[in-house]
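Chemist: Here it is, the structure in full.
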Amino acid sequence: MRIAVIGAGSWGTALAIHFARAGCGVELWAREAEIVESAAKARRNPLFLEDFELPSGLAVTGDLGEAAAGADAVVFVVPVQFARAVLRELRPHVPPVVPLVSASKGIEVASLARMDEIVTAELGLAPERFVALSGPSFAREVAQGRPTAAVLAGKGGAPLAALQRAFSNGAFRFYTASDVVGVELAGALKNVVAIAAGIAAGLELGQNATAALLTRGLHEIARLGVRLGGREETFRGLAGMGDLVLTCSPGSLSRNRSAGERLGRGEELSDILAGREVAEGVPTTRAAAELARRNGVEMPVTSTVEAILDGRIAPRAAVTALMTRSLKEESLL
């Protein structure tokens, strides 16, 4: 299978490396000229995962048309807030019969749209040609070839099964699912909880607080996800609980948790967002909070993270506000 990977950040680069190792022909599109030049000369991405050599079978181009030409599948790995503009550039080069696999996790702030909705609007893609790729998968570990499992969610039976076979190898196992809405929302919303877990770590609140945050956070993102059309069981699977546990775990591999930890230590949000890597959880928090308000879903962890990001409450005061909310019975949805 020939795969066009659109977006040469850490995740796009890691997926391109994996697909090449799995035996696919891969064309990786990078907007940055230095990536294209370095890939041709040194077989490296100098901006992301620069310590990994790009395998044979992986070409890098700065031309969207060249990347997409003859592709059996397009894997889209552009941050959600910038996705629409790239999709508009890509549209003339992607036939409507070619599946588009979105590995971008987030919700567009301006429209509150998921990636399946953005892709449908911008490419005119049939619903059965859209696939969401999500699950617990740090880019660096995928590039290292460490054992990983993720989900491909889509409506098309045969195309989805073909992607599953082509994408999987001994190091990366893909499961299939039909709950596109749930998988997309699980992948996006867990980043909000990851910021909260990072804030707790930055404040040195301890493991009890982190466990409570993860549990209650999963509860509220599942509640919103179900209200928006996802299935409850999806949030207990790889795209939900699996990705949440990974993204909230200690260590610098989670950009969203790291951003939260720096907030908890008192750093300014503008300084945290100044780096090259994107913390999708920051814009997604605002989108999730607005979706919750519009749909009448109570999301105390999300609304508290939003208030911290907006500077309306200090992190330590936010903890007090969460802990002194009115007492109630625990419910699972």
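Just so we're on the same page: first chain in the structure tokens is A, next is B, and so on; residues restart at 1 for each chain, and ligands are numbered from 1 in the order they show up.
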Fewer than 5 positions away in the same chain doesn't count, so skip those; otherwise give me all residues within 12 Å of Arg286 in chain A, counting only C-alpha atoms, as a PDB file with C-alpha atoms, in the first residue's frame.
Modeler:
ATOM      1  CA  GLY A 106      -8.665  17.849  18.971  1.00  0.00           C
ATOM      2  CA  ILE A 107     -11.753  19.983  18.430  1.00  0.00           C
ATOM      3  CA  GLU A 108     -11.696  23.103  16.260  1.00  0.00           C
ATOM      4  CA  VAL A 109     -12.305  26.085  18.538  1.00  0.00           C
ATOM      5  CA  ALA A 110     -13.915  28.339  15.931  1.00  0.00           C
ATOM      6  CA  SER A 111     -16.586  25.824  14.901  1.00  0.00           C
ATOM      7  CA  LEU A 112     -16.519  23.198  17.705  1.00  0.00           C
ATOM      8  CA  ALA A 188      -9.435  14.997  21.963  1.00  0.00           C
ATOM      9  CA  LEU A 189     -10.903  15.300  25.448  1.00  0.00           C
ATOM     10  CA  ASN A 191      -5.818  16.030  26.607  1.00  0.00           C
ATOM     11  CA  VAL A 192      -7.867  18.301  28.867  1.00  0.00           C
ATOM     12  CA  GLU A 280      -3.629  20.422  21.544  1.00  0.00           C
ATOM     13  CA  GLY A 281      -5.277  20.243  24.955  1.00  0.00           C
ATOM     14  CA  LEU A 291     -19.654  22.135  24.060  1.00  0.00           C
ATOM     15  CA  ALA A 292     -20.488  21.217  27.654  1.00  0.00           C
ATOM     16  CA  ARG A 293     -22.302  24.513  28.212  1.00  0.00           C
ATOM     17  CA  MET A 299     -17.745  19.075  33.469  1.00  0.00           C
ATOM     18  CA  THR A 302     -12.765  20.817  32.246  1.00  0.00           C
ATOM     19  CA  SER A 303     -14.336  24.096  33.362  1.00  0.00           C
ATOM     20  CA  THR A 304     -11.688  24.471  36.065  1.00  0.00           C
ATOM     21  CA  VAL A 305      -8.848  23.907  33.581  1.00  0.00           C
ATOM     22  CA  GLU A 306     -10.486  26.472  31.289  1.00  0.00           C
ATOM     23  CA  ALA A 307     -10.591  29.008  34.136  1.00  0.00           C
ATOM     24  CA  ILE A 308      -6.882  28.413  34.873  1.00  0.00           C
ATOM     25  CA  LEU A 309      -5.917  28.791  31.203  1.00  0.00           C
ATOM     26  CA  ASP A 310      -7.938  32.018  30.970  1.00  0.00           C
TER      27      ASP A 310
END
Chemist: Residues of range 2-208 of chain A in alpha helix (DSSP H) according to DSSP, as a PyMOL selection string?
Modeler: chain A and resi 10-21+33-42+64-68+80-90+115-123+139-144+157-167+180-202+207-208
Chemist: Show me, as a PDB file with C-alpha atoms, in the first residue's frame, the residues that have an atom within 12 Å of range 324-326 of chain A when counting only C-alpha atoms, minus same-chain residues fewer than 3 positions from it.
Modeler:
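Contents of out02.pdb, freshly written:
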ATOM      1  CA  PRO A 300     -16.090  20.492  36.607  1.00  0.00           C
ATOM      2  CA  VAL A 301     -12.541  19.372  35.759  1.00  0.00           C
ATOM      3  CA  THR A 304     -11.688  24.471  36.065  1.00  0.00           C
ATOM      4  CA  ALA A 317      -7.284  28.094  44.402  1.00  0.00           C
ATOM      5  CA  ALA A 318      -8.809  25.926  41.675  1.00  0.00           C
ATOM      6  CA  VAL A 319      -7.996  22.797  43.679  1.00  0.00           C
ATOM      7  CA  THR A 320      -9.829  24.224  46.682  1.00  0.00           C
ATOM      8  CA  ALA A 321     -12.823  25.055  44.490  1.00  0.00           C
ATOM      9  CA  GLU A 329     -23.418  10.318  45.028  1.00  0.00           C
TER      10      GLU A 329
END
Chemist: Between A:Leu64, A:Ala103, A:Ala287, A:Ala194, which residue has the minimum interatomic distance to Arg31 in chain A, considering only C-alpha atoms?
Modeler: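 Among the listed residues, A:Leu64 lies closest to Arg31 in chain A.
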Chemist: Using CA of Ala139 in chain A and CA of Phe19 in chain A as the two end points, give the distance in Å to one decimal.
Modeler: 13.0 Å
Chemist: Just give me the gap between CA of Gly229 in chain A and CA of Tyr175 in chain A in Å, one decimal is fine.
Modeler: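 Here the two named atoms are 20.7 Å from each other.
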Chemist: May I ask which of the residues A:Leu28, A:Ala212, A:Ala149, A:Leu133 is the closest one to Ala177 in chain A, counting only C-alpha atoms?
Modeler: A:Leu133
Chemist: Could you list, as number ranges by chain, every residue within 12 Å of range 35-38 of chain A, counting only C-alpha atoms and ignoring same-chain residues fewer than 2 positions away?
Modeler: A: 7-10, 13, 27-33, 40-50, 53-54, 58-63
Chemist: Restricting the output to C-alpha atoms, write the selected residues as a PDB file, in the first residue's frame.
Modeler:
ATOM      1  CA  GLY A   7       2.301  16.607   8.416  1.00  0.00           C
ATOM      2  CA  ALA A   8       5.899  16.023   9.519  1.00  0.00           C
ATOM      3  CA  GLY A   9       5.687  16.861  13.217  1.00  0.00           C
ATOM      4  CA  SER A  10       6.642  14.259  15.808  1.00  0.00           C
ATOM      5  CA  THR A  13       7.163  11.472  11.393  1.00  0.00           C
ATOM      6  CA  GLU A  27       5.517   9.919   1.010  1.00  0.00           C
ATOM      7  CA  LEU A  28       5.748  12.349   3.952  1.00  0.00           C
ATOM      8  CA  TRP A  29       4.680  15.947   3.333  1.00  0.00           C
ATOM      9  CA  ALA A  30       6.437  18.684   5.312  1.00  0.00           C
ATOM     10  CA  ARG A  31       5.678  22.378   5.058  1.00  0.00           C
ATOM     11  CA  GLU A  32       9.113  23.299   6.436  1.00  0.00           C
ATOM     12  CA  ALA A  33      11.824  23.457   3.748  1.00  0.00           C
ATOM     13  CA  ALA A  40      17.174  14.276   1.269  1.00  0.00           C
ATOM     14  CA  LYS A  41      20.742  14.807   2.491  1.00  0.00           C
ATOM     15  CA  ALA A  42      20.947  13.250   5.970  1.00  0.00           C
ATOM     16  CA  ARG A  43      17.808  11.059   6.161  1.00  0.00           C
ATOM     17  CA  ARG A  44      16.714  12.945   9.289  1.00  0.00           C
ATOM     18  CA  ASN A  45      13.899  15.260  10.340  1.00  0.00           C
ATOM     19  CA  PRO A  46      15.930  18.057  11.956  1.00  0.00           C
ATOM     20  CA  LEU A  47      12.969  19.560  13.834  1.00  0.00           C
ATOM     21  CA  PHE A  48      11.123  16.519  15.196  1.00  0.00           C
ATOM     22  CA  LEU A  49      12.504  13.151  16.315  1.00  0.00           C
ATOM     23  CA  GLU A  50      15.827  14.220  14.869  1.00  0.00           C
ATOM     24  CA  GLU A  53      17.070   7.843  10.722  1.00  0.00           C
ATOM     25  CA  LEU A  54      14.311   7.810   8.116  1.00  0.00           C
ATOM     26  CA  LEU A  58      10.083   6.817   3.062  1.00  0.00           C
ATOM     27  CA  ALA A  59      10.381   9.902   0.846  1.00  0.00           C
ATOM     28  CA  VAL A  60       9.842  13.483   2.023  1.00  0.00           C
ATOM     29  CA  THR A  61       8.415  16.272  -0.116  1.00  0.00           C
ATOM     30  CA  GLY A  62       7.200  19.815   0.283  1.00  0.00           C
ATOM     31  CA  ASP A  63       4.659  19.424  -2.539  1.00  0.00           C
TER      32      ASP A  63
END
Chemist: Looking at only C-alpha atoms, which of A:Val245, A:Ala16, A:Ile3, A:Val26 is the one that sits closest to Asp72 in chain A?
Modeler: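 Counting only C-alpha atoms, the residue closest to Asp72 in chain A is A:Ile3.
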Chemist: In range 25-176 of chain A, what's strand (DSSP E or B) per DSSP? Answer as a ChimeraX atom specification?
Modeler: /A:25-29,58-61,73-76,100-102,130-134,148-154,172-176
Chemist: Give me, please, the distance in Å between CA of Ala161 in chain A and CA of Lys105 in chain A, quoted to one decimal.
Modeler: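 CA of Ala161 in chain A sits 22.0 Å away from CA of Lys105 in chain A.
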Chemist: Measuring between only C-alpha atoms, which one of A:Leu87, A:Val75, A:Val278, A:Ala209 shows the shortest distance to Val101 in chain A?
Modeler: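 Residue with the minimum atom-to-atom distance to Val101 in chain A: A:Val75.
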